[in-house]
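The file target.cif comes next; it holds mmCIF, C-alpha atoms.
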```
data_upload
#
loop_
_atom_site.label_atom_id
_atom_site.label_comp_id
_atom_site.auth_asym_id
_atom_site.auth_seq_id
_atom_site.Cartn_x
_atom_site.Cartn_y
_atom_site.Cartn_z
CA MET A 1 9.86 -7.34 -12.86
CA THR A 2 11.13 -10.33 -10.94
CA SER A 3 10.16 -13.85 -11.94
CA LEU A 4 7.95 -16.39 -10.22
CA LEU A 5 8.56 -17.20 -6.57
CA ASP A 6 9.57 -20.73 -5.65
CA PHE A 7 6.41 -21.02 -3.57
CA SER A 8 3.16 -19.13 -3.47
CA PRO A 9 0.63 -20.19 -0.83
CA PRO A 10 -2.89 -20.96 -2.12
CA VAL A 11 -4.59 -19.19 0.80
CA ILE A 12 -3.52 -16.36 3.11
CA GLY A 13 -5.50 -15.60 6.25
CA HIS A 14 -6.63 -12.00 5.86
CA ARG A 15 -5.57 -9.81 8.80
CA GLY A 16 -4.96 -13.02 10.69
CA CYS A 17 -8.30 -14.77 10.60
CA ALA A 18 -10.58 -11.73 10.37
CA GLY A 19 -13.81 -13.65 9.95
CA LEU A 20 -13.44 -15.47 13.26
CA ALA A 21 -11.52 -13.00 15.45
CA PRO A 22 -10.90 -9.25 15.53
CA GLU A 23 -8.60 -8.31 12.67
CA ASN A 24 -4.94 -7.49 13.18
CA THR A 25 -4.84 -8.72 16.78
CA LEU A 26 -2.95 -11.44 18.59
CA ALA A 27 -6.27 -13.26 18.96
CA SER A 28 -6.67 -13.27 15.19
CA ILE A 29 -3.16 -14.68 14.75
CA ARG A 30 -3.88 -17.43 17.28
CA MET A 31 -7.18 -18.21 15.54
CA ALA A 32 -5.40 -18.66 12.23
CA ALA A 33 -2.97 -21.09 13.84
CA ALA A 34 -5.86 -22.95 15.48
CA GLN A 35 -7.46 -23.26 12.04
CA LYS A 36 -4.17 -24.76 10.78
CA VAL A 37 -3.59 -21.90 8.37
CA GLU A 38 0.05 -21.56 7.32
CA TRP A 39 0.08 -17.99 5.97
CA ILE A 40 -1.46 -14.79 7.30
CA SER A 41 -1.40 -11.13 6.33
CA LEU A 42 -1.13 -8.27 8.84
CA ASP A 43 -1.39 -4.50 8.29
CA ILE A 44 1.33 -2.25 9.70
CA LYS A 45 1.23 1.44 10.57
CA ILE A 46 3.38 3.47 12.94
CA SER A 47 2.29 5.51 15.93
CA ALA A 48 3.01 9.21 16.35
CA ASP A 49 6.17 8.29 18.26
CA GLY A 50 7.37 5.79 15.66
CA VAL A 51 6.27 2.42 17.05
CA PRO A 52 5.03 -0.03 14.39
CA VAL A 53 1.59 -1.41 15.25
CA LEU A 54 -1.06 -3.58 13.64
CA MET A 55 -3.84 -1.45 12.18
CA HIS A 56 -5.52 -1.21 8.80
CA ASP A 57 -7.45 2.08 8.97
CA GLU A 58 -5.93 5.52 9.46
CA ASP A 59 -8.52 6.13 12.20
CA VAL A 60 -8.85 3.70 15.11
CA ARG A 61 -12.64 4.15 15.40
CA ARG A 62 -13.80 1.13 13.38
CA THR A 63 -11.77 -1.52 15.20
CA THR A 64 -11.28 -0.12 18.71
CA ASN A 65 -13.18 1.70 21.44
CA GLY A 66 -11.21 4.88 20.71
CA GLN A 67 -11.14 7.54 18.06
CA GLY A 68 -8.42 9.49 16.35
CA LEU A 69 -5.70 9.02 13.76
CA VAL A 70 -3.01 6.43 14.34
CA SER A 71 -0.45 8.96 13.13
CA GLU A 72 -1.46 11.36 15.94
CA MET A 73 -1.58 8.82 18.79
CA SER A 74 1.34 7.64 20.91
CA TRP A 75 2.08 3.97 21.35
CA GLU A 76 1.08 4.28 24.98
CA SER A 77 -2.35 5.58 23.97
CA LEU A 78 -2.83 2.95 21.27
CA SER A 79 -1.79 0.12 23.58
CA GLN A 80 -4.56 1.00 26.03
CA LEU A 81 -7.37 0.70 23.48
CA ASP A 82 -9.79 -2.23 23.36
CA ALA A 83 -9.46 -3.76 19.89
CA GLY A 84 -11.72 -6.75 20.51
CA SER A 85 -15.09 -5.73 21.95
CA TRP A 86 -16.40 -4.44 18.61
CA PHE A 87 -16.06 -7.96 17.22
CA GLY A 88 -17.64 -9.78 20.16
CA SER A 89 -17.65 -9.99 23.94
CA PRO A 90 -15.29 -13.02 24.07
CA PHE A 91 -12.58 -10.71 22.71
CA ALA A 92 -13.19 -7.79 25.07
CA GLY A 93 -9.96 -6.18 26.16
CA GLU A 94 -7.91 -7.50 23.23
CA PRO A 95 -5.19 -4.86 22.75
CA VAL A 96 -3.80 -3.19 19.68
CA PRO A 97 -0.57 -5.16 19.27
CA SER A 98 2.85 -3.83 18.46
CA LEU A 99 4.58 -5.32 15.43
CA VAL A 100 7.17 -6.82 17.77
CA ALA A 101 4.54 -8.72 19.77
CA ALA A 102 2.79 -9.85 16.59
CA VAL A 103 5.95 -11.14 14.91
CA GLU A 104 7.08 -12.93 18.04
CA LEU A 105 3.72 -14.71 18.14
CA VAL A 106 3.82 -15.48 14.41
CA LEU A 107 7.23 -17.07 14.82
CA SER A 108 6.29 -19.00 17.96
CA LEU A 109 3.33 -20.51 16.07
CA ASP A 110 5.51 -21.27 13.02
CA LEU A 111 3.33 -19.20 10.70
CA SER A 112 4.45 -17.48 7.51
CA LEU A 113 3.75 -13.79 7.08
CA CYS A 114 2.64 -11.33 4.45
CA ALA A 115 3.46 -7.97 6.05
CA ILE A 116 1.35 -5.22 4.49
CA LEU A 117 2.85 -1.76 4.80
CA SER A 118 -0.20 0.48 5.22
CA PRO A 119 1.24 3.94 5.88
CA CYS A 120 -0.84 6.90 6.98
CA ALA A 121 -0.85 9.82 4.55
CA GLY A 122 2.55 11.48 4.28
CA ARG A 123 4.32 8.78 6.29
CA GLN A 124 5.19 6.33 3.53
CA GLN A 125 8.96 6.24 3.81
CA VAL A 126 9.22 6.40 7.59
CA THR A 127 6.60 3.66 7.99
CA ALA A 128 8.42 1.40 5.57
CA MET A 129 11.82 2.12 7.09
CA VAL A 130 10.83 1.56 10.72
CA SER A 131 8.74 -1.52 9.92
CA MET A 132 11.41 -3.14 7.75
CA ILE A 133 14.14 -2.54 10.32
CA GLU A 134 12.03 -4.19 13.02
CA LEU A 135 11.05 -7.09 10.78
CA ALA A 136 14.65 -7.72 9.78
CA ARG A 137 15.77 -7.58 13.41
CA LEU A 138 13.16 -10.11 14.50
CA TRP A 139 13.01 -12.50 11.55
CA PRO A 140 15.29 -15.55 11.79
CA GLU A 141 17.75 -16.04 8.95
CA HIS A 142 16.92 -19.74 8.67
CA LYS A 143 13.20 -19.08 8.05
CA ALA A 144 11.84 -18.08 4.65
CA PRO A 145 11.40 -14.28 4.73
CA PRO A 146 8.04 -12.58 4.92
CA VAL A 147 6.38 -11.23 1.80
CA ILE A 148 6.29 -7.43 1.94
CA ALA A 149 3.13 -6.03 0.37
CA SER A 150 1.74 -2.54 -0.09
CA PHE A 151 -0.54 -0.39 -2.19
CA ASP A 152 2.11 2.30 -1.90
CA VAL A 153 4.98 2.30 -4.40
CA GLU A 154 7.25 4.43 -2.17
CA SER A 155 6.89 1.94 0.66
CA LEU A 156 7.86 -0.97 -1.55
CA GLU A 157 10.81 0.96 -2.97
CA MET A 158 12.08 1.53 0.56
CA ALA A 159 11.52 -2.15 1.39
CA ALA A 160 13.54 -3.10 -1.68
CA GLN A 161 16.44 -0.92 -0.57
CA LEU A 162 16.50 -2.35 2.95
CA GLU A 163 15.86 -6.04 2.22
CA PRO A 164 16.30 -6.55 -1.53
CA HIS A 165 16.01 -10.34 -1.35
CA TRP A 166 12.66 -10.36 0.44
CA PRO A 167 9.72 -10.89 -1.93
CA ARG A 168 7.48 -7.90 -2.61
CA CYS A 169 3.83 -7.77 -3.64
CA LEU A 170 2.29 -4.69 -5.25
CA LEU A 171 -1.36 -4.38 -4.23
CA MET A 172 -3.86 -2.55 -6.44
CA PRO A 173 -7.66 -2.14 -6.22
CA THR A 174 -7.84 -2.54 -9.98
CA LEU A 175 -5.37 -3.14 -12.79
CA THR A 176 -4.14 0.19 -14.14
CA ASP A 177 -2.48 0.98 -17.46
CA ASP A 178 0.83 1.61 -15.70
CA TRP A 179 0.87 -1.54 -13.58
CA ARG A 180 3.97 -2.91 -15.30
CA ALA A 181 5.87 0.31 -14.65
CA ARG A 182 4.88 0.17 -10.99
CA MET A 183 6.06 -3.43 -10.76
CA THR A 184 9.36 -2.46 -12.33
CA ARG A 185 9.84 0.45 -9.92
CA THR A 186 9.33 -1.79 -6.91
CA GLY A 187 11.08 -4.87 -8.24
CA GLY A 188 7.83 -6.63 -7.48
CA HIS A 189 7.60 -10.40 -7.34
CA LEU A 190 3.80 -10.66 -7.04
CA LEU A 191 0.72 -8.64 -7.86
CA GLY A 192 -2.40 -8.45 -5.69
CA LEU A 193 -5.79 -7.30 -7.01
CA GLN A 194 -9.25 -6.85 -5.51
CA ALA A 195 -11.71 -9.67 -6.18
CA GLU A 196 -14.62 -7.36 -7.02
CA ASN A 197 -12.67 -5.65 -9.81
CA ILE A 198 -10.83 -8.55 -11.41
CA LYS A 199 -11.47 -9.47 -15.03
CA THR A 200 -10.55 -12.68 -16.83
CA SER A 201 -8.50 -10.63 -19.29
CA ASP A 202 -6.49 -9.20 -16.37
CA ILE A 203 -5.71 -12.68 -15.10
CA GLU A 204 -4.64 -13.82 -18.56
CA GLU A 205 -2.39 -10.79 -19.05
CA ILE A 206 -0.64 -11.17 -15.71
CA THR A 207 -0.23 -14.94 -15.68
CA SER A 208 1.12 -14.91 -19.24
CA LEU A 209 4.11 -13.05 -17.80
CA HIS A 210 4.56 -15.70 -15.08
CA ILE A 211 3.78 -13.25 -12.30
CA PRO A 212 1.99 -14.86 -9.35
CA LEU A 213 -1.40 -13.21 -8.94
CA GLN A 214 -3.01 -12.86 -5.53
CA ILE A 215 -6.67 -11.86 -5.10
CA TYR A 216 -8.24 -10.25 -2.02
CA THR A 217 -10.64 -10.83 -0.29
CA VAL A 218 -12.32 -14.14 -1.20
CA ASN A 219 -14.65 -15.83 1.30
CA ASN A 220 -16.62 -18.00 -1.11
CA PRO A 221 -14.96 -21.40 -1.79
CA GLN A 222 -16.52 -21.72 -5.24
CA LYS A 223 -15.22 -18.29 -6.22
CA ALA A 224 -11.76 -19.26 -5.00
CA LEU A 225 -11.83 -22.43 -7.07
CA GLU A 226 -12.94 -20.51 -10.16
CA LEU A 227 -10.15 -17.96 -9.76
CA MET A 228 -7.51 -20.63 -9.28
CA ALA A 229 -8.75 -22.50 -12.33
CA LEU A 230 -8.07 -19.32 -14.31
CA GLY A 231 -4.50 -19.13 -13.01
CA VAL A 232 -4.73 -17.14 -9.78
CA SER A 233 -2.07 -18.44 -7.40
CA THR A 234 -3.35 -17.15 -4.05
CA VAL A 235 -6.46 -15.78 -2.40
CA TYR A 236 -6.69 -13.82 0.83
CA SER A 237 -9.63 -14.91 2.96
CA ASP A 238 -11.27 -13.89 6.23
CA ASP A 239 -12.13 -17.59 6.72
CA PRO A 240 -9.07 -19.28 5.24
CA ARG A 241 -9.86 -22.76 6.55
CA LEU A 242 -13.13 -22.72 4.60
CA ILE A 243 -11.22 -22.10 1.39
CA LEU A 244 -8.43 -24.56 2.17
CA ASP A 245 -10.95 -27.34 2.85
CA ALA A 246 -12.43 -26.79 -0.61
CA LEU A 247 -9.14 -27.12 -2.48
#
```
Exercise: express the given structure as structure tokens:
Amino acid sequence: MTSLLDFSPPVIGHRGCAGLAPENTLASIRMAAAQKVEWISLDIKISADGVPVLMHDEDVRRTTNGQGLVSEMSWESLSQLDAGSWFGSPFAGEPVPSLVAAVELVLSLDLSLCAILSPCAGRQQVTAMVSMIELARLWPEHKAPPVIASFDVESLEMAAQLEPHWPRCLLMPTLTDDWRARMTRTGGHLLGLQAENIKTSDIEEITSLHIPLQIYTVNNPQKALELMALGVSTVYSDDPRLILDAL
């Protein structure tokens, strides 16, 4: 396991600013910047023809006007979907963005990024490889690198091979008995756990090892304050400004 990062942001905008704009879109990234949020997370998958795109679910149905698996759709098909109308009419026509377009916008707005590798089933290594190559190509050397996060150990192992000096965060719905072994396999710098499943004893165990602990997803300012008082370093939030204003 790798020791504490030099800096761990107190709040990360979840999927951009998912409470105020459609998640994982350029509109959500712009909303985070408008809310003066410094860090955001974005989910990355790859299309059937190998283009990295922003999408959390394996199926596009929940967040677009289409249906089908991301892994079975071409970039051309994905790019024509409406990823905003489901959230509200002001966002009608908002496209599914490519990773390239998203990173270019992130950089132009001077945001920091937690890039979450969210591979479709059976596509762990190729998703990590393609995404990391694109991120490394786009990310300026003078800017602090993005945090690479994933629930998938294989994806983080690939990320470690390609960009060993970029920080990595292992995400888990709940703390398992083998969490330390997973951290060791990935050379993890941070651990991320789900808010609904976190226990005080988990926080104590992790922070005693000086591992920054991130909790997702926290939209209640009081809950965020309670977690940070226990030693949690970062919370992901759909309304990050609400949490930041409470700190």
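If you apply the PyMOL selection byres ((chain A and resi 51) around 9) to this structure, you end up with Lys45, Ile46, Ser47, Ala48, Asp49, Gly50, Pro52, Val53, Ser74, Trp75, Ser98, Leu99, Val130 and Ser131 of chain A.
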The PyMOL selection byres ((chain A and resi 116-124) around 9) on the file shown: which residues, as number ranges by chain?
A: 41-46, 55-58, 69-71, 114-115, 125-129, 131, 147-156, 158, 169
Distance of atom CA of A:Glu204 from atom CA of A:Leu227, expressed in Å to one decimal place
11.2 Å
List every protein, DNA or RNA residue that has an atom no more than 12 Å from (-14.7, 2.9, 19.1) in the file's coordinate frame, counting all atoms listed in the file, and report them as a ChimeraX atom specification.
/A:59-68,81-87
Same residues, C-alpha atoms, output as a PDB file, keeping the file's coordinate frame:
```pdb
ATOM      1  CA  ASP A  59      -8.520   6.130  12.200  1.00  0.00           C
ATOM      2  CA  VAL A  60      -8.850   3.700  15.110  1.00  0.00           C
ATOM      3  CA  ARG A  61     -12.640   4.150  15.400  1.00  0.00           C
ATOM      4  CA  ARG A  62     -13.800   1.130  13.380  1.00  0.00           C
ATOM      5  CA  THR A  63     -11.770  -1.520  15.200  1.00  0.00           C
ATOM      6  CA  THR A  64     -11.280  -0.120  18.710  1.00  0.00           C
ATOM      7  CA  ASN A  65     -13.180   1.700  21.440  1.00  0.00           C
ATOM      8  CA  GLY A  66     -11.210   4.880  20.710  1.00  0.00           C
ATOM      9  CA  GLN A  67     -11.140   7.540  18.060  1.00  0.00           C
ATOM     10  CA  GLY A  68      -8.420   9.490  16.350  1.00  0.00           C
ATOM     11  CA  LEU A  81      -7.370   0.700  23.480  1.00  0.00           C
ATOM     12  CA  ASP A  82      -9.790  -2.230  23.360  1.00  0.00           C
ATOM     13  CA  ALA A  83      -9.460  -3.760  19.890  1.00  0.00           C
ATOM     14  CA  GLY A  84     -11.720  -6.750  20.510  1.00  0.00           C
ATOM     15  CA  SER A  85     -15.090  -5.730  21.950  1.00  0.00           C
ATOM     16  CA  TRP A  86     -16.400  -4.440  18.610  1.00  0.00           C
ATOM     17  CA  PHE A  87     -16.060  -7.960  17.220  1.00  0.00           C
TER      18      PHE A  87
END
```
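Atom pair atom CA of A:Thr184 / atom CA of A:Ala159 has a distance of 13.9 Å (rounded to one decimal).
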To test your reading of the syntax: which residues would the PyMOL selection byres ((chain A and resi 96) around 7) return for the file shown? Reply as JSON, numbers by chain.
{"A": [25, 54, 78, 79, 81, 83, 94, 95, 97, 98]}
Selection: 9 Å around A:Leu242, all atoms listed in the file, excl. self and same-chain fewer than 4 positions, as an MDAnalysis selection string
chainID A and resid 219:221 237 246
Show me the residues around (-8.5, -7.2, -12.5) - criterion: an atom at most 10 Å away, only C-alpha atoms counted - as number ranges by chain.
A: 172-176, 192-206, 213, 215
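When all atoms listed in the file are used to compute distances to A:Leu190, the closest of the residues A:Pro240, A:Gln161, A:Gly231, A:Ser8 turns out to be A:Ser8.
In this model, the gap between atom CA of A:Ser112 and atom CA of A:Glu226 comes to 25.0 Å.
Close contacts of stretch 11-20 of chain A, defined as residues with an atom at most 6 Å away when counting only C-alpha atoms, with chain neighbours fewer than 3 positions off set aside, comprise Glu23, Asn24, Ser28, Ile29, Ala32, Trp39, Ile40, Ser41, Leu42, Thr234, Val235, Tyr236, Ser237, Asp238, Asp239 and Pro240 of chain A.
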Can I get the selection written as a PDB file, in the coordinates of the input, with C-alpha atoms?
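What follows is the written file result-v4.pdb:
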```pdb
ATOM      1  CA  GLU A  23      -8.600  -8.310  12.670  1.00  0.00           C
ATOM      2  CA  ASN A  24      -4.940  -7.490  13.180  1.00  0.00           C
ATOM      3  CA  SER A  28      -6.670 -13.270  15.190  1.00  0.00           C
ATOM      4  CA  ILE A  29      -3.160 -14.680  14.750  1.00  0.00           C
ATOM      5  CA  ALA A  32      -5.400 -18.660  12.230  1.00  0.00           C
ATOM      6  CA  TRP A  39       0.080 -17.990   5.970  1.00  0.00           C
ATOM      7  CA  ILE A  40      -1.460 -14.790   7.300  1.00  0.00           C
ATOM      8  CA  SER A  41      -1.400 -11.130   6.330  1.00  0.00           C
ATOM      9  CA  LEU A  42      -1.130  -8.270   8.840  1.00  0.00           C
ATOM     10  CA  THR A 234      -3.350 -17.150  -4.050  1.00  0.00           C
ATOM     11  CA  VAL A 235      -6.460 -15.780  -2.400  1.00  0.00           C
ATOM     12  CA  TYR A 236      -6.690 -13.820   0.830  1.00  0.00           C
ATOM     13  CA  SER A 237      -9.630 -14.910   2.960  1.00  0.00           C
ATOM     14  CA  ASP A 238     -11.270 -13.890   6.230  1.00  0.00           C
ATOM     15  CA  ASP A 239     -12.130 -17.590   6.720  1.00  0.00           C
ATOM     16  CA  PRO A 240      -9.070 -19.280   5.240  1.00  0.00           C
TER      17      PRO A 240
END
```
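Nearest to A:Lys143 of all the residues A:Ala160, A:Gly188, A:Met228, A:Leu113 is A:Leu113, counting only C-alpha atoms.
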Which of A:Pro90, A:Gln214, A:Arg241, A:Asp178 sits closest to A:Ala33 [using only C-alpha atoms]
A:Arg241
Fix up stretch 174-185 of chain A with all heavy atoms, then write it as a PDB file, keeping the file's coordinate frame.
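The resulting file, result.pdb, is shown below:
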```pdb
ATOM      1  N   THR A 174      -7.510  -2.123  -8.623  1.00  0.00           N
ATOM      2  CA  THR A 174      -7.840  -2.540  -9.980  1.00  0.00           C
ATOM      3  C   THR A 174      -6.609  -2.406 -10.851  1.00  0.00           C
ATOM      4  O   THR A 174      -5.706  -1.619 -10.544  1.00  0.00           O
ATOM      5  CB  THR A 174      -9.004  -1.704 -10.552  1.00  0.00           C
ATOM      6  OG1 THR A 174      -9.436  -2.254 -11.797  1.00  0.00           O
ATOM      7  CG2 THR A 174      -8.582  -0.259 -10.758  1.00  0.00           C
ATOM      8  N   LEU A 175      -6.546  -3.163 -11.918  1.00  0.00           N
ATOM      9  CA  LEU A 175      -5.370  -3.140 -12.790  1.00  0.00           C
ATOM     10  C   LEU A 175      -5.354  -1.832 -13.587  1.00  0.00           C
ATOM     11  O   LEU A 175      -6.293  -1.522 -14.307  1.00  0.00           O
ATOM     12  CB  LEU A 175      -5.389  -4.331 -13.736  1.00  0.00           C
ATOM     13  CG  LEU A 175      -4.056  -4.684 -14.399  1.00  0.00           C
ATOM     14  CD1 LEU A 175      -3.056  -5.172 -13.351  1.00  0.00           C
ATOM     15  CD2 LEU A 175      -4.244  -5.740 -15.480  1.00  0.00           C
ATOM     16  N   THR A 176      -4.282  -1.081 -13.443  1.00  0.00           N
ATOM     17  CA  THR A 176      -4.140   0.190 -14.140  1.00  0.00           C
ATOM     18  C   THR A 176      -3.257   0.035 -15.369  1.00  0.00           C
ATOM     19  O   THR A 176      -2.529  -0.955 -15.510  1.00  0.00           O
ATOM     20  CB  THR A 176      -3.533   1.250 -13.216  1.00  0.00           C
ATOM     21  OG1 THR A 176      -2.236   0.792 -12.789  1.00  0.00           O
ATOM     22  CG2 THR A 176      -4.416   1.477 -11.996  1.00  0.00           C
ATOM     23  N   ASP A 177      -3.280   1.050 -16.235  1.00  0.00           N
ATOM     24  CA  ASP A 177      -2.480   0.980 -17.460  1.00  0.00           C
ATOM     25  C   ASP A 177      -0.984   0.961 -17.168  1.00  0.00           C
ATOM     26  O   ASP A 177      -0.204   0.436 -17.966  1.00  0.00           O
ATOM     27  CB  ASP A 177      -2.809   2.184 -18.360  1.00  0.00           C
ATOM     28  CG  ASP A 177      -4.223   2.119 -18.928  1.00  0.00           C
ATOM     29  OD1 ASP A 177      -4.794   1.012 -18.969  1.00  0.00           O
ATOM     30  OD2 ASP A 177      -4.750   3.182 -19.317  1.00  0.00           O
ATOM     31  N   ASP A 178      -0.596   1.529 -16.017  1.00  0.00           N
ATOM     32  CA  ASP A 178       0.830   1.610 -15.700  1.00  0.00           C
ATOM     33  C   ASP A 178       1.291   0.549 -14.716  1.00  0.00           C
ATOM     34  O   ASP A 178       2.334   0.698 -14.073  1.00  0.00           O
ATOM     35  CB  ASP A 178       1.164   3.003 -15.155  1.00  0.00           C
ATOM     36  CG  ASP A 178       0.519   3.280 -13.798  1.00  0.00           C
ATOM     37  OD1 ASP A 178      -0.435   2.558 -13.430  1.00  0.00           O
ATOM     38  OD2 ASP A 178       0.968   4.216 -13.115  1.00  0.00           O
ATOM     39  N   TRP A 179       0.533  -0.551 -14.598  1.00  0.00           N
ATOM     40  CA  TRP A 179       0.870  -1.540 -13.580  1.00  0.00           C
ATOM     41  C   TRP A 179       2.246  -2.148 -13.795  1.00  0.00           C
ATOM     42  O   TRP A 179       2.969  -2.418 -12.825  1.00  0.00           O
ATOM     43  CB  TRP A 179      -0.203  -2.628 -13.508  1.00  0.00           C
ATOM     44  CG  TRP A 179      -0.199  -3.634 -14.622  1.00  0.00           C
ATOM     45  CD1 TRP A 179      -0.893  -3.562 -15.794  1.00  0.00           C
ATOM     46  CD2 TRP A 179       0.513  -4.879 -14.664  1.00  0.00           C
ATOM     47  NE1 TRP A 179      -0.661  -4.675 -16.575  1.00  0.00           N
ATOM     48  CE2 TRP A 179       0.201  -5.497 -15.900  1.00  0.00           C
ATOM     49  CE3 TRP A 179       1.376  -5.527 -13.788  1.00  0.00           C
ATOM     50  CZ2 TRP A 179       0.720  -6.729 -16.276  1.00  0.00           C
ATOM     51  CZ3 TRP A 179       1.912  -6.764 -14.158  1.00  0.00           C
ATOM     52  CH2 TRP A 179       1.573  -7.351 -15.390  1.00  0.00           C
ATOM     53  N   ARG A 180       2.647  -2.324 -15.038  1.00  0.00           N
ATOM     54  CA  ARG A 180       3.970  -2.910 -15.300  1.00  0.00           C
ATOM     55  C   ARG A 180       5.075  -1.957 -14.856  1.00  0.00           C
ATOM     56  O   ARG A 180       6.101  -2.388 -14.302  1.00  0.00           O
ATOM     57  CB  ARG A 180       4.126  -3.261 -16.775  1.00  0.00           C
ATOM     58  CG  ARG A 180       3.150  -4.323 -17.254  1.00  0.00           C
ATOM     59  CD  ARG A 180       3.502  -4.785 -18.641  1.00  0.00           C
ATOM     60  NE  ARG A 180       2.408  -5.528 -19.249  1.00  0.00           N
ATOM     61  CZ  ARG A 180       2.534  -6.315 -20.299  1.00  0.00           C
ATOM     62  NH1 ARG A 180       3.708  -6.470 -20.865  1.00  0.00           N
ATOM     63  NH2 ARG A 180       1.490  -6.942 -20.803  1.00  0.00           N
ATOM     64  N   ALA A 181       4.879  -0.674 -15.085  1.00  0.00           N
ATOM     65  CA  ALA A 181       5.870   0.310 -14.650  1.00  0.00           C
ATOM     66  C   ALA A 181       5.986   0.328 -13.136  1.00  0.00           C
ATOM     67  O   ALA A 181       7.081   0.452 -12.584  1.00  0.00           O
ATOM     68  CB  ALA A 181       5.488   1.699 -15.178  1.00  0.00           C
ATOM     69  N   ARG A 182       4.859   0.204 -12.450  1.00  0.00           N
ATOM     70  CA  ARG A 182       4.880   0.170 -10.990  1.00  0.00           C
ATOM     71  C   ARG A 182       5.608  -1.079 -10.490  1.00  0.00           C
ATOM     72  O   ARG A 182       6.370  -1.026  -9.526  1.00  0.00           O
ATOM     73  CB  ARG A 182       3.461   0.200 -10.437  1.00  0.00           C
ATOM     74  CG  ARG A 182       2.714   1.493 -10.676  1.00  0.00           C
ATOM     75  CD  ARG A 182       1.434   1.506  -9.869  1.00  0.00           C
ATOM     76  NE  ARG A 182       0.522   2.546 -10.295  1.00  0.00           N
ATOM     77  CZ  ARG A 182      -0.603   2.854  -9.657  1.00  0.00           C
ATOM     78  NH1 ARG A 182      -0.963   2.164  -8.579  1.00  0.00           N
ATOM     79  NH2 ARG A 182      -1.392   3.805 -10.096  1.00  0.00           N
ATOM     80  N   MET A 183       5.364  -2.192 -11.140  1.00  0.00           N
ATOM     81  CA  MET A 183       6.060  -3.430 -10.760  1.00  0.00           C
ATOM     82  C   MET A 183       7.558  -3.281 -10.962  1.00  0.00           C
ATOM     83  O   MET A 183       8.369  -3.707 -10.128  1.00  0.00           O
ATOM     84  CB  MET A 183       5.524  -4.603 -11.573  1.00  0.00           C
ATOM     85  CG  MET A 183       4.131  -5.063 -11.201  1.00  0.00           C
ATOM     86  SD  MET A 183       4.070  -5.987  -9.635  1.00  0.00           S
ATOM     87  CE  MET A 183       4.761  -7.567 -10.165  1.00  0.00           C
ATOM     88  N   THR A 184       7.942  -2.657 -12.056  1.00  0.00           N
ATOM     89  CA  THR A 184       9.360  -2.460 -12.330  1.00  0.00           C
ATOM     90  C   THR A 184       9.999  -1.556 -11.297  1.00  0.00           C
ATOM     91  O   THR A 184      11.106  -1.821 -10.809  1.00  0.00           O
ATOM     92  CB  THR A 184       9.553  -1.860 -13.737  1.00  0.00           C
ATOM     93  OG1 THR A 184       9.021  -2.768 -14.710  1.00  0.00           O
ATOM     94  CG2 THR A 184      11.027  -1.618 -14.037  1.00  0.00           C
ATOM     95  N   ARG A 185       9.305  -0.478 -10.927  1.00  0.00           N
ATOM     96  CA  ARG A 185       9.840   0.450  -9.920  1.00  0.00           C
ATOM     97  C   ARG A 185      10.091  -0.237  -8.586  1.00  0.00           C
ATOM     98  O   ARG A 185      11.074   0.049  -7.909  1.00  0.00           O
ATOM     99  CB  ARG A 185       8.848   1.608  -9.692  1.00  0.00           C
ATOM    100  CG  ARG A 185       8.929   2.725 -10.692  1.00  0.00           C
ATOM    101  CD  ARG A 185       7.980   3.856 -10.296  1.00  0.00           C
ATOM    102  NE  ARG A 185       8.325   4.448  -9.002  1.00  0.00           N
ATOM    103  CZ  ARG A 185       7.583   5.355  -8.385  1.00  0.00           C
ATOM    104  NH1 ARG A 185       6.448   5.775  -8.922  1.00  0.00           N
ATOM    105  NH2 ARG A 185       7.971   5.860  -7.220  1.00  0.00           N
TER     106      ARG A 185
END
```
